[in-house]
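Peer 1: Here you go, this is target.txt (compact mmCIF, C-alpha atoms).
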```txt
# COMPACT_ATOMS: atom_id res chain seq x y z
CA MET A 319 120.15 150.14 101.86
CA SER A 320 118.20 152.08 99.26
CA GLU A 321 114.92 150.19 99.84
CA ILE A 322 114.57 151.39 103.44
CA ASN A 323 113.02 154.81 103.94
CA TYR A 324 115.15 156.14 106.79
CA PRO A 325 113.89 159.27 108.56
CA ALA A 326 116.12 162.26 107.93
CA GLY A 327 119.48 162.01 109.63
CA THR A 328 119.15 158.39 110.79
CA LYS A 329 120.49 156.52 107.80
CA PRO A 330 123.50 154.50 109.00
CA LYS A 331 126.79 155.05 107.21
CA ALA A 332 127.95 152.47 104.65
CA VAL A 333 129.42 149.33 106.20
CA LEU A 334 132.77 149.83 104.44
CA PRO A 335 134.75 152.25 106.64
CA ARG A 336 135.20 155.42 104.65
CA LYS A 337 138.93 155.54 105.33
CA THR A 338 139.51 152.24 103.54
CA ALA A 339 137.34 153.33 100.63
CA THR A 340 139.38 156.47 100.21
CA LYS A 341 142.64 154.59 100.59
CA LYS A 342 141.63 152.39 97.67
CA LYS A 343 140.87 155.46 95.59
CA ARG A 344 144.29 156.90 96.35
CA THR A 345 146.23 153.81 95.23
CA LEU A 346 144.28 153.85 91.95
CA LYS A 347 146.25 156.99 91.03
CA ILE A 348 143.20 159.02 90.09
CA ALA A 349 143.53 161.99 87.73
CA ALA A 350 145.06 165.18 89.10
CA GLY A 351 141.82 167.08 88.62
CA ASN A 352 139.79 164.50 90.50
CA ARG A 353 142.20 164.35 93.40
CA GLY A 354 141.92 168.08 93.98
CA MET A 355 138.12 167.80 93.96
CA ASP A 356 138.30 164.77 96.26
CA PHE A 357 140.39 166.70 98.79
CA GLU A 358 138.03 169.65 98.56
CA ALA A 359 134.98 167.43 99.07
CA GLU A 360 136.56 165.86 102.14
CA LEU A 361 137.54 169.24 103.54
CA ASN A 362 133.95 170.39 103.06
CA ASP A 363 132.80 167.33 105.03
CA THR A 364 135.31 168.11 107.76
CA ASN A 365 134.02 171.69 107.95
CA ALA A 366 130.44 170.42 108.04
CA TYR A 367 131.41 168.21 110.99
CA TYR A 368 132.96 171.12 112.86
CA LYS A 369 129.85 173.22 112.24
CA GLU A 370 127.53 170.40 113.28
CA LYS A 371 129.40 169.89 116.55
CA GLY A 372 129.57 173.64 117.27
CA LEU A 373 133.37 173.57 117.17
CA ALA A 374 134.04 176.14 114.44
CA VAL A 375 132.32 177.86 111.53
CA PHE A 376 134.34 177.51 108.31
CA ASN A 377 132.88 178.12 104.87
CA LYS A 378 134.23 177.70 101.39
CA ARG A 379 134.02 180.87 99.37
CA PRO A 380 132.02 180.37 96.14
CA THR A 381 133.99 180.73 92.88
CA PRO A 382 133.52 184.29 91.68
CA ILE A 383 131.58 184.41 88.44
CA ASN A 384 130.93 187.36 86.15
CA ILE A 385 127.33 186.98 84.98
CA VAL A 386 126.60 188.40 81.53
CA LYS A 387 123.25 186.91 80.46
CA VAL A 388 120.33 185.42 82.37
CA ASP A 389 117.30 183.76 80.78
CA TYR A 390 114.21 184.40 82.90
CA THR A 391 111.65 182.55 80.73
CA ARG A 392 111.53 179.58 83.11
CA GLY A 393 112.96 180.52 86.48
CA ALA A 394 116.43 182.02 86.18
CA LYS A 395 118.97 180.27 83.98
CA ILE A 396 122.40 181.84 83.53
CA THR A 397 123.31 181.43 79.87
CA GLU A 398 126.53 183.38 79.69
CA ALA A 399 129.05 183.88 82.44
CA TYR A 400 132.80 183.81 82.92
CA PHE A 401 135.09 182.73 85.71
CA GLU A 402 136.74 185.60 87.56
CA THR A 403 140.12 185.52 89.22
CA GLN A 404 139.71 184.90 92.89
CA SER A 405 141.33 187.64 94.94
CA THR A 406 141.14 185.80 98.25
CA THR A 407 141.66 182.30 99.62
CA ASP A 408 139.08 179.52 99.43
CA TYR A 409 138.10 179.15 103.07
CA ASN A 410 137.53 181.37 106.06
CA GLY A 411 135.55 181.53 109.25
CA VAL A 412 135.66 181.81 113.01
CA TYR A 413 137.12 179.63 115.77
CA LYS A 414 137.11 180.70 119.43
CA GLY A 415 136.53 184.29 118.29
CA TYR A 416 139.58 184.27 116.00
CA TYR A 417 139.40 185.04 112.30
CA ILE A 418 140.65 181.95 110.44
CA ASP A 419 141.64 182.01 106.77
CA PHE A 420 143.05 179.11 104.79
CA GLU A 421 143.73 177.74 101.36
CA ALA A 422 143.73 174.08 100.32
CA LYS A 423 146.19 172.75 97.75
CA SER A 424 146.81 169.28 96.33
CA ILE A 425 150.20 168.36 94.89
CA HIS A 426 151.38 165.28 93.01
CA GLY A 427 155.13 165.44 93.42
CA LYS A 428 156.94 163.74 96.27
CA THR A 429 159.79 166.13 96.79
CA SER A 430 158.65 169.73 96.71
CA PHE A 431 155.74 172.19 96.71
CA PRO A 432 155.94 174.55 93.70
CA LEU A 433 155.23 178.15 94.69
CA SER A 434 153.58 178.65 91.29
CA ASN A 435 150.59 176.93 92.92
CA ILE A 436 149.88 180.16 94.76
CA PRO A 437 148.58 183.20 92.83
CA LYS A 438 150.03 186.53 93.97
CA GLN A 439 146.57 187.75 95.07
CA GLN A 440 146.36 184.96 97.62
CA ILE A 441 149.72 185.96 99.09
CA GLU A 442 148.59 189.61 99.25
CA HIS A 443 145.28 188.61 100.82
CA LEU A 444 146.98 186.48 103.48
CA LYS A 445 149.48 189.24 104.27
CA ALA A 446 146.62 191.68 104.82
CA VAL A 447 144.82 189.14 107.02
CA LEU A 448 147.90 188.51 109.15
CA ALA A 449 148.50 192.26 109.46
CA GLN A 450 145.03 192.53 111.03
CA GLY A 451 145.79 189.79 113.55
CA GLY A 452 143.97 187.03 111.68
CA ILE A 453 145.19 183.43 111.58
CA GLY A 454 146.18 182.08 108.15
CA PHE A 455 147.48 178.75 106.90
CA PHE A 456 147.63 176.30 104.03
CA LEU A 457 146.34 172.73 104.06
CA ILE A 458 148.52 170.84 101.62
CA ASP A 459 147.59 167.38 100.39
CA ILE A 460 150.66 165.46 99.19
CA VAL A 461 148.80 162.92 97.08
CA PRO A 462 151.51 160.28 96.45
CA LEU A 463 152.46 160.24 100.15
CA GLU A 464 148.83 160.22 101.34
CA LYS A 465 149.69 162.91 103.86
CA VAL A 466 148.17 166.30 104.55
CA TYR A 467 150.10 169.09 106.24
CA ILE A 468 149.02 172.34 107.85
CA LEU A 469 151.56 175.11 107.26
CA PRO A 470 151.37 178.64 108.67
CA ALA A 471 150.79 181.29 106.00
CA SER A 472 153.64 183.33 107.51
CA TYR A 473 156.09 180.59 106.58
CA ILE A 474 154.79 180.28 103.02
CA ILE A 475 154.68 184.06 102.51
CA ASP A 476 158.23 184.39 103.79
CA PHE A 477 159.47 181.69 101.41
CA TYR A 478 157.53 183.29 98.53
CA GLU A 479 158.93 186.75 99.15
CA LYS A 480 162.53 185.68 99.61
CA ARG A 481 162.35 184.13 96.12
CA GLU A 482 165.42 182.03 96.80
CA ARG A 483 163.77 178.90 95.42
CA ALA A 484 160.85 178.19 93.11
CA SER A 485 159.52 175.49 95.44
CA ILE A 486 159.49 174.42 99.07
CA PRO A 487 161.19 171.05 99.76
CA LEU A 488 158.72 168.72 101.42
CA THR A 489 161.37 167.89 104.02
CA GLU A 490 160.67 171.37 105.41
CA PHE A 491 157.01 170.60 106.05
CA PRO A 492 157.33 168.71 109.34
CA LEU A 493 159.78 171.34 110.59
CA HIS A 494 157.52 174.34 110.02
CA GLY A 495 154.08 172.75 110.07
CA LYS A 496 152.28 169.68 111.32
CA GLU A 497 150.85 166.57 109.76
CA VAL A 498 147.05 166.53 109.90
CA PRO A 499 145.58 163.38 111.50
CA GLN A 500 143.29 161.46 109.17
CA LYS A 501 140.22 159.94 110.76
CA TYR A 502 136.87 158.45 109.90
CA ARG A 503 135.13 161.64 110.84
CA PRO A 504 136.28 164.35 110.62
CA ARG A 505 138.32 163.22 107.65
CA TYR A 506 141.18 165.73 108.20
CA ASP A 507 141.13 166.86 111.82
CA PHE A 508 143.13 170.09 111.48
CA LEU A 509 141.24 172.08 114.12
CA PRO A 510 143.30 171.04 117.20
CA LEU A 511 146.43 171.92 115.20
CA ILE A 512 145.21 175.52 114.99
CA ASP A 513 145.47 175.61 118.78
CA GLU A 514 148.94 174.03 118.71
CA LEU A 515 150.36 176.25 115.99
CA PHE A 516 148.73 179.60 116.77
CA LEU A 517 146.99 179.70 120.13
CA LYS A 518 149.65 178.47 122.51
CA MET B 34 138.59 213.98 82.07
CA SER B 35 138.48 211.07 79.66
CA GLU B 36 141.01 212.65 77.25
CA ILE B 37 143.87 212.58 79.77
CA ASN B 38 145.79 209.32 80.14
CA TYR B 39 146.35 209.24 83.89
CA PRO B 40 148.87 206.72 85.21
CA ALA B 41 147.22 203.97 87.24
CA GLY B 42 145.88 205.18 90.56
CA THR B 43 146.45 208.90 89.98
CA LYS B 44 143.22 209.92 88.31
CA PRO B 45 141.62 212.61 90.50
CA LYS B 46 138.08 212.01 91.69
CA ALA B 47 135.22 213.85 89.96
CA VAL B 48 134.87 217.50 90.97
CA LEU B 49 131.27 217.02 92.08
CA PRO B 50 131.50 215.77 95.69
CA ARG B 51 130.22 212.25 95.65
CA LYS B 52 127.88 212.86 98.57
CA THR B 53 125.87 215.44 96.62
CA ALA B 54 125.74 213.19 93.57
CA THR B 55 124.36 210.37 95.63
CA LYS B 56 121.93 212.68 97.40
CA LYS B 57 120.51 213.64 94.02
CA LYS B 58 120.11 210.01 93.07
CA ARG B 59 118.26 209.34 96.29
CA THR B 60 115.65 212.05 95.76
CA LEU B 61 115.02 210.72 92.26
CA LYS B 62 113.37 207.68 93.90
CA ILE B 63 115.36 205.16 91.88
CA ALA B 64 114.03 201.62 91.43
CA ALA B 65 114.26 199.30 94.41
CA GLY B 66 116.63 197.00 92.58
CA ASN B 67 119.00 199.82 91.70
CA ARG B 68 119.06 201.25 95.19
CA GLY B 69 120.13 197.92 96.62
CA MET B 70 122.92 197.72 94.04
CA ASP B 71 123.91 201.31 94.75
CA PHE B 72 124.24 200.61 98.48
CA GLU B 73 126.23 197.48 97.74
CA ALA B 74 128.56 199.35 95.38
CA GLU B 75 129.18 202.00 98.01
CA LEU B 76 129.80 199.41 100.70
CA ASN B 77 132.31 197.73 98.42
CA ASP B 78 134.06 201.11 98.02
CA THR B 79 134.07 201.58 101.77
CA ASN B 80 135.60 198.13 102.23
CA ALA B 81 138.19 198.89 99.55
CA TYR B 82 139.11 202.05 101.47
CA TYR B 83 139.53 200.13 104.73
CA LYS B 84 141.73 197.56 102.95
CA GLU B 85 143.78 200.25 101.24
CA LYS B 86 144.45 202.03 104.55
CA GLY B 87 145.26 198.77 106.36
CA LEU B 88 142.32 199.29 108.75
CA ALA B 89 140.37 196.08 108.15
CA VAL B 90 139.99 193.30 105.59
CA PHE B 91 136.35 192.83 104.58
CA ASN B 92 135.27 190.95 101.47
CA LYS B 93 131.95 190.38 99.81
CA ARG B 94 131.20 186.74 99.32
CA PRO B 95 130.51 185.89 95.64
CA THR B 96 126.95 184.74 94.82
CA PRO B 97 126.99 180.93 94.86
CA ILE B 98 126.36 179.52 91.41
CA ASN B 99 125.73 175.91 90.39
CA ILE B 100 127.66 175.42 87.13
CA VAL B 101 126.14 172.85 84.77
CA LYS B 102 127.77 173.47 81.37
CA VAL B 103 131.03 175.11 80.30
CA ASP B 104 132.06 175.74 76.69
CA TYR B 105 135.84 175.43 76.36
CA THR B 106 136.14 176.12 72.61
CA ARG B 107 137.40 179.67 73.16
CA GLY B 108 138.60 180.09 76.72
CA ALA B 109 135.98 179.04 79.25
CA LYS B 110 132.44 180.27 78.82
CA ILE B 111 129.76 179.11 81.23
CA THR B 112 126.65 178.39 79.18
CA GLU B 113 124.36 176.92 81.79
CA ALA B 114 124.31 177.70 85.48
CA TYR B 115 121.81 178.40 88.22
CA PHE B 116 121.75 180.62 91.26
CA GLU B 117 122.07 178.77 94.54
CA THR B 118 120.59 179.82 97.85
CA GLN B 119 123.21 181.55 99.90
CA SER B 120 123.68 179.87 103.25
CA THR B 121 125.74 182.65 104.80
CA THR B 122 125.79 186.44 104.94
CA ASP B 123 127.26 188.66 102.22
CA TYR B 124 130.32 190.08 103.96
CA ASN B 125 132.96 188.90 106.36
CA GLY B 126 136.54 189.52 107.32
CA VAL B 127 138.95 190.50 110.06
CA TYR B 128 139.37 193.61 112.19
CA LYS B 129 141.90 193.79 115.03
CA GLY B 130 142.04 189.99 115.06
CA TYR B 131 138.28 189.64 115.47
CA TYR B 132 136.08 187.72 113.05
CA ILE B 133 133.56 190.16 111.60
CA ASP B 134 130.44 189.03 109.74
CA PHE B 135 127.72 191.28 108.35
CA GLU B 136 124.82 191.53 105.99
CA ALA B 137 123.66 194.63 104.09
CA LYS B 138 119.99 195.35 103.50
CA SER B 139 118.15 198.23 101.79
CA ILE B 140 114.56 199.04 102.70
CA HIS B 141 112.08 201.46 101.19
CA GLY B 142 109.55 201.91 103.97
CA LYS B 143 109.85 204.67 106.55
CA THR B 144 108.35 202.92 109.53
CA SER B 145 109.60 199.38 109.90
CA PHE B 146 112.08 196.73 108.82
CA PRO B 147 110.27 193.56 107.64
CA LEU B 148 111.89 190.41 109.04
CA SER B 149 110.98 188.64 105.79
CA ASN B 150 114.06 190.40 104.40
CA ILE B 151 116.20 187.89 106.25
CA PRO B 152 116.30 184.25 105.07
CA LYS B 153 116.39 181.69 107.88
CA GLN B 154 119.84 180.47 106.78
CA GLN B 155 121.31 183.89 107.49
CA ILE B 156 119.88 183.85 111.01
CA GLU B 157 121.29 180.34 111.57
CA HIS B 158 124.66 181.37 110.17
CA LEU B 159 124.87 184.44 112.41
CA LYS B 160 123.86 182.43 115.47
CA ALA B 161 126.65 179.96 114.79
CA VAL B 162 129.12 182.83 114.30
CA LEU B 163 128.10 184.50 117.56
CA ALA B 164 128.34 181.16 119.39
CA GLN B 165 131.99 180.98 118.29
CA GLY B 166 132.72 184.47 119.62
CA GLY B 167 132.51 186.22 116.27
CA ILE B 168 131.08 189.71 115.81
CA GLY B 169 127.94 189.99 113.66
CA PHE B 170 125.74 192.87 112.56
CA PHE B 171 123.45 194.24 109.90
CA LEU B 172 123.99 197.43 107.92
CA ILE B 173 120.53 198.68 107.04
CA ASP B 174 119.99 201.41 104.49
CA ILE B 175 116.67 203.19 105.03
CA VAL B 176 116.36 204.66 101.55
CA PRO B 177 113.59 207.27 102.04
CA LEU B 178 115.27 208.63 105.18
CA GLU B 179 118.75 208.59 103.62
CA LYS B 180 120.11 207.00 106.78
CA VAL B 181 122.12 203.84 107.37
CA TYR B 182 122.13 202.02 110.68
CA ILE B 183 124.39 199.37 112.14
CA LEU B 184 122.45 196.90 114.26
CA PRO B 185 123.95 194.02 116.27
CA ALA B 186 122.99 190.59 114.93
CA SER B 187 122.09 189.53 118.48
CA TYR B 188 119.30 192.11 118.55
CA ILE B 189 117.92 191.08 115.15
CA ILE B 190 118.14 187.35 115.98
CA ASP B 191 116.36 187.90 119.26
CA PHE B 192 113.55 189.82 117.55
CA TYR B 193 113.32 187.15 114.84
CA GLU B 194 113.11 184.26 117.29
CA LYS B 195 110.58 185.87 119.61
CA ARG B 196 108.26 186.19 116.58
CA GLU B 197 106.12 188.74 118.37
CA ARG B 198 106.08 191.04 115.33
CA ALA B 199 106.67 190.58 111.61
CA SER B 200 108.83 193.69 111.46
CA ILE B 201 111.08 195.87 113.59
CA PRO B 202 109.83 199.45 114.09
CA LEU B 203 112.48 201.88 112.85
CA THR B 204 112.10 203.84 116.09
CA GLU B 205 113.97 200.93 117.72
CA PHE B 206 117.02 201.42 115.52
CA PRO B 207 118.69 204.30 117.38
CA LEU B 208 117.98 202.56 120.69
CA HIS B 209 119.68 199.28 119.81
CA GLY B 210 122.09 200.34 117.10
CA LYS B 211 123.89 203.40 115.78
CA GLU B 212 123.54 205.62 112.76
CA VAL B 213 126.47 205.23 110.37
CA PRO B 214 128.22 208.52 109.50
CA GLN B 215 128.18 209.26 105.77
CA LYS B 216 131.31 210.82 104.36
CA TYR B 217 133.07 211.51 101.11
CA ARG B 218 135.39 208.61 101.67
CA PRO B 219 134.74 206.15 103.14
CA ARG B 220 131.13 206.50 102.07
CA TYR B 221 129.67 204.70 105.11
CA ASP B 222 132.18 204.81 107.94
CA PHE B 223 130.90 201.93 110.06
CA LEU B 224 134.27 200.68 111.31
CA PRO B 225 134.59 202.92 114.42
CA LEU B 226 131.07 201.84 115.36
CA ILE B 227 132.29 198.24 115.61
CA ASP B 228 134.58 199.42 118.40
CA GLU B 229 131.73 201.30 120.08
CA LEU B 230 129.17 198.53 119.87
CA PHE B 231 131.33 195.44 120.44
CA LEU B 232 134.83 196.21 121.64
CA LYS B 233 134.25 198.47 124.61
```
Using structure tokens, write down the structure from this file.
Peer 2:
Amino acid sequence: MSEINYPAGTKPKAVLPRKTATKKKRTLKIAAGNRGMDFEAELNDTNAYYKEKGLAVFNKRPTPINIVKVDYTRGAKITEAYFETQSTTDYNGVYKGYYIDFEAKSIHGKTSFPLSNIPKQQIEHLKAVLAQGGIGFFLIDIVPLEKVYILPASYIIDFYEKRERASIPLTEFPLHGKEVPQKYRPRYDFLPLIDELFLK
Amino acid sequence: MSEINYPAGTKPKAVLPRKTATKKKRTLKIAAGNRGMDFEAELNDTNAYYKEKGLAVFNKRPTPINIVKVDYTRGAKITEAYFETQSTTDYNGVYKGYYIDFEAKSIHGKTSFPLSNIPKQQIEHLKAVLAQGGIGFFLIDIVPLEKVYILPASYIIDFYEKRERASIPLTEFPLHGKEVPQKYRPRYDFLPLIDELFLK
């Protein structure tokens, strides 16, 4: 395919259906770090699809960086900077006029979701968002089961604050949330589930 | 004041009313770069106030950075990174359940607002936000006049797309937007103007 100079936007997708390609990746038991990035990349594609089709506008918040030194001799090259703790969630945007806020997590166990995955600031941020009438949720990728769930932030916050357990049993997921359909495009079609969970 | 060890959150504010201090800075004709940072710092304070009082949740989006090299020998130090073009506006959040999106600009002329201040991506982003029923606006600090205006994004987008002029005459500002009251705290009280301009 690389020898043909397709005009912008007309290049046909690879013959191998993307879903199969990803399925192969999953059974190869890729490294924890990679899986998280993989999920993030696919979520970004899903959001790009929603934006393209005029369905919703969701953006990933850039990682906050504390910039200490910049070298301006040839353009602008940052030569010293440090990661800052994020005080919010990773994604937010607008859907049908509603403020939507969500966090994506990948887990590798098959039985429970450890609450240690969620920094306190994210809980505080989501509480403040819900208090203002915003819609908040988590998209949780259970890697070994190849399933993604959408769970309302209210449920997670409640579990977190009760502190009765250090993790949420995965058996609770279908009871309090919904499984996200996986498609060719969009990869994780969570948008209609926002209507089901919050707008009905 | 520095000799007293105040418990967290109890340190009284400086005796000099902040408004006067800022007024002095303004008449000193500080560098363009600094003034923009000053406005941003004060907006961040205003947003912190709104969050603190449970009135709204607005956050500044971190500058997107493309990280190339990280040195992990002592913690994590980013040693090579580059600034990326921002594809969205600087601020967004939730107020009374509505999605709020805004951009802050500082200008130094007294007669007009050059449209070159606004990258195309910001216009596209705001159009997409408005199409989804979100609320969008600009907060424009006219430095020499010591006034800040809130202007609906729809007005700015319309002006931008008509391309009849390269800049918006400042005389249009009070006709299409509102002047933001300046106080001790919050510094720029734009929140009630959101109700006036968009929710009535």
Peer 1: Measuring atom to atom with only C-alpha atoms, identify which of A:Leu469, A:Leu361, A:Ala446, A:Val461 is nearest to A:Phe376.
Peer 2: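 That would be A:Leu361, the residue with the smallest distance to A:Phe376.
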Peer 1: Produce a table with one row for each residue of chain B that has an atom at most 7 Å from any atom of chain A, each row naming the nearest atom pair and its distance in Å at one decimal; use all atoms listed in the file; arrange rows by chain and rising residue number; format as a tab-separated table.
Peer 2:
```
residue	atom	partner	partner_atom	distance
B:Ala89	CA	A:Gln450	CA	6.5
B:Val90	CA	A:Val447	CA	6.5
B:Arg94	CA	A:Arg379	CA	6.5
B:Pro95	CA	A:Pro382	CA	5.2
B:Thr96	CA	A:Pro380	CA	6.8
B:Pro97	CA	A:Pro380	CA	5.2
B:Ala109	CA	A:Tyr400	CA	6.8
B:Lys110	CA	A:Tyr400	CA	5.4
B:Ile111	CA	A:Ala399	CA	5.0
B:Thr112	CA	A:Thr397	CA	4.6
B:Glu113	CA	A:Thr397	CA	5.0
B:Ala114	CA	A:Ile396	CA	5.0
B:Tyr115	CA	A:Lys395	CA	5.4
B:Val127	CA	A:Tyr417	CA	5.9
B:Tyr128	CA	A:Gln450	CA	5.9
B:Lys129	CA	A:Gln450	CA	5.2
B:Gly130	CA	A:Gly451	CA	4.0
B:Tyr131	CA	A:Tyr416	CA	5.6
B:Tyr132	CA	A:Tyr417	CA	4.3
B:Ala161	CA	A:Val375	CA	6.9
B:Val162	CA	A:Val375	CA	6.5
B:Gln165	CA	A:Lys414	CA	5.3
B:Gly166	CA	A:Gly415	CA	4.0
B:Gly167	CA	A:Gly415	CA	4.9
```
Peer 1: For atom CA of B:Ile183 and atom CA of B:Ala137, determine how far apart the two atoms are, in Å to one decimal place.
Peer 2: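 Value for the atom CA of B:Ile183-atom CA of B:Ala137 distance: 9.4 Å.
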Peer 1: Quick one, how far is atom CA of B:Glu136 from atom CA of B:Ser200?
Peer 2: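 Distance between the two atoms: 17.0 Å.
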Peer 1: Have a look at atom CA of A:Leu457 and atom CA of A:Lys423 and let me know their distance in Å, one decimal.
Peer 2: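 Between atom CA of A:Leu457 and atom CA of A:Lys423 the gap is 6.3 Å.
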Peer 1: Go ahead and fit an axis-aligned box to every listed atom of stretch 219-231 of chain B plus 3 Å each side, and pass me the centre and edge lengths in Å, one decimal, as JSON.
Peer 2:
```
{"center_x": 132.0, "center_y": 201.0, "center_z": 111.3, "size_x": 11.6, "size_y": 17.1, "size_z": 24.4}
```
Peer 1: If I only have part of stretch 69-87 of chain B, can you fill in N, CA and C atoms and write it as a tab-separated table (two decimals), in the frame of the given file?
Peer 2:
```tsv
chain	number	residue	atom	x	y	z
B	69	GLY	N	119.40	198.98	95.93
B	69	GLY	CA	120.13	197.92	96.62
B	69	GLY	C	121.53	197.78	96.05
B	70	MET	N	121.62	197.86	94.71
B	70	MET	CA	122.92	197.72	94.04
B	70	MET	C	123.80	198.92	94.39
B	71	ASP	N	123.20	200.10	94.45
B	71	ASP	CA	123.91	201.31	94.75
B	71	ASP	C	124.54	201.20	96.14
B	72	PHE	N	123.75	200.76	97.11
B	72	PHE	CA	124.24	200.61	98.48
B	72	PHE	C	125.38	199.61	98.50
B	73	GLU	N	125.19	198.51	97.79
B	73	GLU	CA	126.23	197.48	97.74
B	73	GLU	C	127.51	198.03	97.12
B	74	ALA	N	127.37	198.78	96.04
B	74	ALA	CA	128.56	199.35	95.38
B	74	ALA	C	129.30	200.28	96.34
B	75	GLU	N	128.55	201.06	97.09
B	75	GLU	CA	129.18	202.00	98.01
B	75	GLU	C	129.81	201.29	99.21
B	76	LEU	N	129.20	200.21	99.62
B	76	LEU	CA	129.80	199.41	100.70
B	76	LEU	C	131.10	198.80	100.22
B	77	ASN	N	131.08	198.32	98.97
B	77	ASN	CA	132.31	197.73	98.42
B	77	ASN	C	133.43	198.77	98.36
B	78	ASP	N	133.08	200.02	98.02
B	78	ASP	CA	134.06	201.11	98.02
B	78	ASP	C	134.59	201.36	99.42
B	79	THR	N	133.68	201.37	100.37
B	79	THR	CA	134.07	201.58	101.77
B	79	THR	C	135.04	200.49	102.20
B	80	ASN	N	134.72	199.24	101.87
B	80	ASN	CA	135.60	198.13	102.23
B	80	ASN	C	136.96	198.24	101.53
B	81	ALA	N	136.93	198.71	100.29
B	81	ALA	CA	138.19	198.89	99.55
B	81	ALA	C	139.05	199.94	100.24
B	82	TYR	N	138.39	200.99	100.74
B	82	TYR	CA	139.11	202.05	101.47
B	82	TYR	C	139.76	201.48	102.73
B	83	TYR	N	139.00	200.71	103.49
B	83	TYR	CA	139.53	200.13	104.73
B	83	TYR	C	140.73	199.23	104.43
B	84	LYS	N	140.65	198.48	103.31
B	84	LYS	CA	141.73	197.56	102.95
B	84	LYS	C	142.96	198.37	102.55
B	85	GLU	N	142.72	199.38	101.74
B	85	GLU	CA	143.78	200.25	101.24
B	85	GLU	C	144.56	200.91	102.39
B	86	LYS	N	143.83	201.34	103.41
B	86	LYS	CA	144.45	202.03	104.55
B	86	LYS	C	144.94	201.07	105.62
B	87	GLY	N	144.82	199.77	105.38
B	87	GLY	CA	145.26	198.77	106.36
B	87	GLY	C	144.45	198.79	107.64
```
